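Data block below; observations after.
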Amino acid sequence: MKYTVDKKGFYGNYGGAFVPEMLFPNLDELEKNYNKIIGDKDFQNDYNNLLKDYVGRPTPLYFAERISEKYKCKIYLKREDLCHTGAHKINNTIGQILLAKRLGKKRIIAETGAGQHGVATATVCALAGIECVIYMGAVDIKRQAPNVARMKMLGASVVSAESGSKTLKDATNEAIRDWINNPVTTHYIIGSVVGPHPYPDMVAKFQSVISTEIRSQLLEKEGTESPNYLIANIGGGSNAAGLYYNYLEDHNVKIISVEAAGKGVESGKSAATSVLGKIGIIHGSKTLLMQTNDGQITEPYSISAGLDYPGVGPLHAHLLETKRAEFMSITDDDAMLAGLEISKLEGIIPAIETAHAFAAFNYLDFKSDDIIVVNFSGRGDKDLNTYIDYFNL
Amino acid sequence: MKYTVDKKGFYGNYGGAFVPEMLFPNLDELEKNYNKIIGDKDFQNDYNNLLKDYVGRPTPLYFAERISEKYKCKIYLKREDLCHTGAHKINNTIGQILLAKRLGKKRIIAETGAGQHGVATATVCALAGIECVIYMGAVDIKRQAPNVARMKMLGASVVSAESGSKTLKDATNEAIRDWINNPVTTHYIIGSVVGPHPYPDMVAKFQSVISTEIRSQLLEKEGTESPNYLIANIGGGSNAAGLYYNYLEDHNVKIISVEAAGKGVESGKSAATSVLGKIGIIHGSKTLLMQTNDGQITEPYSISAGLDYPGVGPLHAHLLETKRAEFMSITDDDAMLAGLEISKLEGIIPAIETAHAFAAFNYLDFKSDDIIVVNFSGRGDKDLNTYIDYFNL
Amino acid sequence: MMNRIDKKLKEEGKLLSIYFTAGYPSKDDTVDIIFKLQESGVDMIEIGLPFSDPLADGPTIQDSSSEAIKNGMNTNVLFNQLKGIRNKVSIPLIIMGYFNPILQYGVEDFCKKCNEIGIDGLIIPDLPMDYYEENYKSIFKKYEIYNMFLIAPQTSDERIKKIDSISDGFIYMVSSSSITGSKDSFSSEQLEYFERIEKMNLKTPRITGFGVANKKTFEAAVKFSKGAIIGSAFIKNLDSGGIESIDKFIKSIRD
Amino acid sequence: MMNRIDKKLKEEGKLLSIYFTAGYPSKDDTVDIIFKLQESGVDMIEIGLPFSDPLADGPTIQDSSSEAIKNGMNTNVLFNQLKGIRNKVSIPLIIMGYFNPILQYGVEDFCKKCNEIGIDGLIIPDLPMDYYEENYKSIFKKYEIYNMFLIAPQTSDERIKKIDSISDGFIYMVSSSSITGSKDSFSSEQLEYFERIEKMNLKTPRITGFGVANKKTFEAAVKFSKGAIIGSAFIKNLDSGGIESIDKFIKSIRD
Ligand SMILES: Cc1ncc(COP(=O)(O)O)c(C=O)c1O
Ligand SMILES: Cc1ncc(COP(=O)(O)O)c(C=O)c1O
């Protein structure tokens, strides 16, 4: 089984670049250059230096004693919450801004849901001195107010997406429209392993640093590079892709992908693509997505803005179809409780996205010597208002 | 000249333990044990492992290209903002919680101003599974709301200090009262290099990891362990103490300590202790403090909750008196503008405390090959509301 | 029998094509709008199959699309409405829609249905040429459904030539890279682009779309192409004047 | 001449000492309160010099201190008010205050002034014994000002012995580690502590403070000491009954 993208931009049946002709030149330029640029020594040097000195990598692989005790197994947390700006998203934006500079781009656009990708993009634009416009759904602008303020402090313009469910999907539509309108000067920094080829592969490559680090960290701590399980939350799937990347061919490593069930998979208010999704086209990619029988994309729901997306990246559709990954759906309530539990047991407040991965422990059985690596994709600072309201703190 | 504490707990003319008899046994217990415990191999092991895997140390020493260009010198940022919980404060709380466990304590109290120390304390208490009570001024509870929410998520009780100016000074009084009331079971984790001996020395030792790391990082980057200048903001002075610690005897390294001038040193609304302070006793320590002629402690003011303290730690009073450090006072306005500038130029939103250190650049002249290390003591997430209101973002 | 599109393209003079969103303003306006357009002398019609996420369209078409979906429009409804349309309508009818609804219907079923109804061709902006060629071209041929491709200002000459070789009927020449709705005139940059394409001497005729809004832009557009498509401006006119105003709107373009 | 404190301590019976905050409820109440206390038969008075940050005091004394400062009380004002007090008051007068205001006044000037006025001693809770011995003891001796030290439940026997050796007049025995104001009775733990100290046979008499509020706690306290100090409860009584109620309050303790 092959888990990397093929020459045409597909992972098995999923992927491709289903975009209007107006975007073809942009994607073509990227497609032709991204592997060459990323492979370049000079690029690697800049990228690795920024990851180290600016982002704060390597992030720790932390043995979480108290939750390990509770769930009777060995739980390691990959601390992406300690990245500059507070989530894994910046691994990708650092890579893409360096790429955009080498392509001579003068303007950056991005979509954002939780605001983490928006902040990570605004951050690298500030660093590079490049103009930055962030599209964000009107609903998300409200529920992730601190991140909106951060983007503004960083000098970015935040544009409210007012169509559809006014969340991530719609922000992505707006960003794509902007790109169509500004095809030459502008680079679009997509924030997850979604969108047209080569984005899913490119973003996965930039996030793969996560599992590259884990292999050597786990070797040091446990004498083996391979855990028994990898667990990640899936919005579009970039933190998951980064966590799995260097383990996909390693079939002893089981993979568990945790989606948002919102108010329940069958409630009509969910984002559980693995259960509810059918094959289709979203944001230029052929993948699984939630849609009506006649192909209208369904408005997703999750308490977590970063998981509130009706599709998954094509890699993940492929991992599901080939049974390389097992998918689980976690409700808002389960996720919120898990978030509070992790805060109180380990002193780390997780992003609500991240909390979904921890809620999965209640539905899984591990052996006491099983080694589990959870991607701690982000910190919960952006979600404090949601936590406060939910728990009446 | 000697910059370490003497046997009686003094730095030159400053320091000591001016506490009511009720606290003598507690301080005596600490005094007798802290150096022994900290020096212990097992302790060092636990401490260093947590700093690495939990806090995310070493924090990067980042060469800030764009502000270096602007101020025509080589500016390095010691990235304490990347520590778990977002500021240097956790270096100290990790150390103290390990100490408290070894002293058999069952309950932790702390004061907090900006909330960073409160969060850092609540965090380590969660990690250790120990009860935690945080005292915070009523005014600070309002202006640092996100940190209050974080403490609650982490399971701590937050108690509002309603006396005096309702800020850090008063929270400290309340914490001391709590300690007097609970002398046996409780350890008081002071958050800065203030308070009675042995706190100033103990906290400085836990923070000294900052300059220990800088020495080797700078050697790697510049071929020398010693910069020309060190710049830090001073509330109580713990981040500054950590930055200076391993350079105090190295007289080629100039030290600049930046205080909060609030609305202006002479405005009556400031926290510029180095200018306005006279020798006296505050929170059990003989040091410089702002006070009336008849010895009442003045209510300080700064837009920054972490600098809103009418004294400085005794080490800093000593560094001022001996001219080892130069002090500067920076107004609210200057600090806020500097905070915005750093955000836009480097993509890092500083805590308003930290922003004070950057504002100093406008009043200093450096040579183009001068190497300056600024302690980037914390991230600005906690201050977003203040930034938004100030700049109308 | 020659495809109605080809036949129309062979006629003398410049062609006016109108895009409208099926199911808008009301679910059952589709057929009525088609009748009125033919009556008022329009040469060709693009019937928009509404999609929830029309990422290549400006706000006017976005809004009409979501309204239409709310009104209950979908693929089945549209096909039912169009049943028997060829009894009364002779001008070319094209369905323009995003790929996902067509994919869900089944590409072959979709083409078959179009053939039954008498739809002459499709414009699917997010179905790339290569993917079409490899997977669907033979189906389109089988059901004699034309597939029209887009070219845009940044499309390379090489790619234009490829599109020229594969396009049925006409090439949809996107007038500018701006999709924010119709403008009042063309810029010098756009005119240069039109001229550049003109000089390429393509075998396939071109119809200009995007940014054609009134007599002035229509006439400017058809200087460099066989015809032009009006979309957003037509829908805006529907919003303000209703179906009754169609004739007046078309006359304002044509004379 | 024997210090008034020593003389008082030599008297038969148990001593009642009252703490109040100078300048509270009003700035000029100080002398009046002292007169009324002496009249009503109190044995000794602790005049509280208010401090902005009284970190060893509960809310009642904190509040009275900040009120007093707001009222304009300070060291100079207090000394002025007390000028001539010895014309009318013969019981021991002690100033109780935090170290910083005394330090700002100058320790020597402060002692000198106390001597002039006829203040018998000081209680400075945050001035540690060692530091006092090394820096100020000779000054206190020179001006014949007594310095009374505190002991608390956690104070070690060794340290108590040291305090016993250095204290003038009496040892201020803090009844409990709770400073949250007065309570209604003593716990068995506190009683054990009192007994433990009793058994140490210290040379210096003890006066119990903290948590003495009424007849019941006063009598319990003086079972194990020469006397007791009432502070918070006295101030609370001032709040509710005013200066006029002093006599009644004192009588309620004494009989
Ligand atoms: C902290 C965090 N985790 C996870 C996600 C989900 O995105 P992805 O699935 O691409 O990792 C987000 C998205 O914003 C996020 O902020
Ligand atoms: C980010 C940050 N910097 C600086 C300070 C000031 O404290 P100190 O002077 O002890 O470093 C604080 C205090 O809360 C803080 O949060």
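Residue numbering restarts at 1 for every chain of the structure tokens, chains are lettered A, B, ... in their displayed order, and ligands are numbered from 1 as they appear.
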>> At a cut-off of 7 Å around ligand 2, and using only C-alpha atoms and all ligand atoms, what residues come up? Please write them as a list in words.
In response: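 Result of the 7 Å neighbour search around ligand 2: Ala87, His88, Lys89, Thr112, Gly113, Ala114, Gly115, Gln116, His117, Gly191, Ser192, Val193, Asn233, Ile234, Gly235, Gly236, Gly237, Ser238, Asn239, Ala240, Ala305, Gly306, Leu307, Ala351, Glu353, Thr354, Ser377, Gly378 and Arg379 of chain B.
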>> as a VMD selection string, please: every residue in segment 57-97 of chain D that DSSP puts in strand (DSSP E).
In response: chain D and resid 93 to 97
Same residues, C-alpha atoms, output as a PDB file, in the first residue's frame:
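After the write, part.pdb holds the following:
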ATOM      1  CA  LEU D  93       1.812  52.795  77.160  1.00  0.00           C
ATOM      2  CA  ILE D  94       3.239  50.762  74.353  1.00  0.00           C
ATOM      3  CA  ILE D  95       3.416  51.659  70.677  1.00  0.00           C
ATOM      4  CA  MET D  96       2.763  48.708  68.387  1.00  0.00           C
ATOM      5  CA  GLY D  97       3.660  49.175  64.774  1.00  0.00           C
TER       6      GLY D  97
END
>> Counting only C-alpha atoms, a student should be able to say which residues of chain C come within 9 Å of chain A; what is the right answer, written as a ChimeraX atom specification?
In response: /C:50-58,62-63,66,69,74-76,99-105,124-129,131,149-156,174,176-180
>> Which residues are near Ile253 of chain C? Cut-off 9 Å, only C-alpha atoms, ignore same chain within fewer than 3 positions. Put them as a list in words.
In response: Leu16, Ala213, Asn214, Lys215, Lys216, Phe218, Glu219, Lys248, Phe249 and Ile250 of chain C
Determine, using only C-alpha atoms, which residues of chain A have any atom at most 6 Å from an atom of chain B, and tabulate each with its shortest atom pair and distance in Å to one decimal place, rows ordered by chain and then rising number, as CSV.
residue,atom,partner,partner_atom,distance
A:Asp53,CA,B:Pro60,CA,4.9
A:Gly56,CA,B:Pro60,CA,6.0
A:Pro60,CA,B:Asp53,CA,4.9
A:Tyr62,CA,B:Asp53,CA,5.0
A:Thr123,CA,B:Gly347,CA,4.3
A:Ala126,CA,B:Gly347,CA,4.9
A:Leu127,CA,B:Glu346,CA,4.7
A:Leu154,CA,B:Lys344,CA,4.8
A:Gly155,CA,B:Lys344,CA,5.6
A:Ser343,CA,B:Leu154,CA,5.1
A:Lys344,CA,B:Leu154,CA,4.8
A:Leu345,CA,B:Ala126,CA,5.5
A:Glu346,CA,B:Leu127,CA,4.7
A:Gly347,CA,B:Thr123,CA,4.3
> Counting only C-alpha atoms, what is within 8 Å of segment 111-120 of chain D, bar same-chain residues fewer than 5 positions away, as a list in words?
Replying inline: Asn3, Arg4, Ile5, Phe79, Leu82, Lys83, Gly84, Ile85, Arg86, Pro92, Leu93, Ile94, Ile95, Ile139, Phe140, Tyr143, Glu144, Ile145 and Tyr146 of chain D
For the selection you just gave me, I'd like the residues written to a file as a compact mmCIF listing (two decimals), in the first residue's frame, keeping N, CA, C and O atoms.
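Writing done, so here's result-v9.txt:
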# COMPACT_ATOMS: atom_id res chain seq x y z
N ASN D 3 10.77 50.61 84.98
CA ASN D 3 9.87 50.79 83.84
C ASN D 3 8.45 50.45 84.27
O ASN D 3 8.20 49.49 85.00
N ARG D 4 7.50 51.29 83.82
CA ARG D 4 6.09 51.09 84.20
C ARG D 4 5.59 49.69 83.85
O ARG D 4 4.71 49.15 84.50
N ILE D 5 6.14 49.15 82.77
CA ILE D 5 5.70 47.81 82.35
C ILE D 5 6.09 46.79 83.41
O ILE D 5 5.27 45.98 83.86
N PHE D 79 2.85 61.47 67.70
CA PHE D 79 3.73 62.00 68.76
C PHE D 79 3.19 63.33 69.29
O PHE D 79 3.21 63.59 70.49
N LEU D 82 0.34 62.75 71.61
CA LEU D 82 0.70 62.12 72.88
C LEU D 82 1.52 63.03 73.80
O LEU D 82 1.76 62.71 74.97
N LYS D 83 1.94 64.18 73.25
CA LYS D 83 2.72 65.12 74.04
C LYS D 83 1.92 65.46 75.31
O LYS D 83 0.75 65.79 75.24
N GLY D 84 2.52 65.34 76.46
CA GLY D 84 1.83 65.68 77.70
C GLY D 84 0.92 64.59 78.25
O GLY D 84 0.26 64.77 79.27
N ILE D 85 0.88 63.44 77.62
CA ILE D 85 -0.03 62.37 78.05
C ILE D 85 0.28 61.92 79.47
O ILE D 85 -0.60 61.52 80.23
N ARG D 86 1.56 62.00 79.80
CA ARG D 86 1.97 61.52 81.13
C ARG D 86 1.50 62.42 82.28
O ARG D 86 1.62 62.04 83.44
N PRO D 92 1.08 51.69 81.80
CA PRO D 92 2.06 51.54 80.73
C PRO D 92 1.45 51.80 79.34
O PRO D 92 0.33 51.39 79.09
N LEU D 93 2.22 52.52 78.55
CA LEU D 93 1.81 52.79 77.16
C LEU D 93 2.86 52.20 76.22
O LEU D 93 4.06 52.46 76.37
N ILE D 94 2.34 51.44 75.30
CA ILE D 94 3.24 50.76 74.35
C ILE D 94 2.83 51.17 72.95
O ILE D 94 1.62 51.27 72.66
N ILE D 95 3.78 51.44 72.08
CA ILE D 95 3.42 51.66 70.68
C ILE D 95 3.67 50.35 69.93
O ILE D 95 4.73 49.73 70.06
N ILE D 139 20.42 51.25 71.18
CA ILE D 139 19.60 52.46 71.10
C ILE D 139 18.41 52.36 72.05
O ILE D 139 18.10 53.31 72.80
N PHE D 140 17.72 51.21 72.00
CA PHE D 140 16.56 51.03 72.87
C PHE D 140 16.97 51.18 74.34
O PHE D 140 16.28 51.82 75.13
N TYR D 143 17.60 54.82 75.42
CA TYR D 143 16.41 55.63 75.68
C TYR D 143 15.41 54.91 76.57
O TYR D 143 14.27 55.33 76.71
N GLU D 144 15.85 53.81 77.14
CA GLU D 144 15.03 53.06 78.08
C GLU D 144 13.67 52.67 77.51
O GLU D 144 12.64 52.76 78.18
N ILE D 145 13.70 52.28 76.25
CA ILE D 145 12.47 51.81 75.61
C ILE D 145 12.52 50.29 75.58
O ILE D 145 13.48 49.70 75.08
N TYR D 146 11.48 49.69 76.13
CA TYR D 146 11.40 48.22 76.11
C TYR D 146 11.03 47.72 74.72
O TYR D 146 10.28 48.38 74.00
>> Quick one: residues within 7 Å of Val194 of chain B, only C-alpha atoms, excluding same-chain residues fewer than 2 positions away - as number ranges by chain?
In response: B: 192, 196, 199-200, 236, 285, 312-314
Take the residues from that selection and write them out as a short mmCIF file (atom, residue, chain, number, x, y, z; two decimals), in the first residue's frame, keeping N, CA and C atoms.
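Result went into result11.cif, see below:
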data_model
loop_
_atom_site.label_atom_id
_atom_site.label_comp_id
_atom_site.auth_asym_id
_atom_site.auth_seq_id
_atom_site.Cartn_x
_atom_site.Cartn_y
_atom_site.Cartn_z
N SER B 192 8.55 36.13 42.56
CA SER B 192 9.65 36.95 42.05
C SER B 192 10.77 36.96 43.08
N PRO B 196 10.97 37.77 51.95
CA PRO B 196 12.05 37.52 52.92
C PRO B 196 13.05 36.48 52.39
N TYR B 199 13.81 33.65 49.85
CA TYR B 199 13.13 33.70 48.56
C TYR B 199 13.92 34.38 47.45
N PRO B 200 14.44 35.59 47.69
CA PRO B 200 15.12 36.23 46.56
C PRO B 200 16.24 35.36 45.98
N GLY B 236 9.22 42.62 40.12
CA GLY B 236 9.99 42.28 41.30
C GLY B 236 11.44 42.03 40.89
N SER B 285 11.24 42.20 53.22
CA SER B 285 12.56 42.42 52.65
C SER B 285 12.94 43.89 52.78
N VAL B 312 11.44 46.70 44.45
CA VAL B 312 12.19 45.77 43.61
C VAL B 312 12.86 44.78 44.55
N GLY B 313 13.22 43.65 44.02
CA GLY B 313 13.93 42.67 44.83
C GLY B 313 15.23 43.25 45.36
N PRO B 314 15.70 42.76 46.52
CA PRO B 314 16.90 43.33 47.14
C PRO B 314 18.15 43.22 46.27
#
> Quick one: distance from atom CA of Ile207 of chain C to atom CA of Ser40 of chain C in Å, one decimal?
Replying inline: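 A separation of 19.6 Å between them.
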> Looking only at the backbone, which of the residues in segment 121-157 of chain D does DSSP tag as alpha helix (DSSP H), as a list in words?
Replying inline: Met129, Asp130, Tyr131, Tyr132, Glu133, Glu134, Asn135, Lys137, Ser138, Ile139, Phe140, Lys141, Lys142 and Asp157 of chain D
> Interatomic distance between atom CA of Ile75 of chain B and atom CA of Ala261 of chain B?
Replying inline: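 Those two atoms sit 23.6 Å apart.
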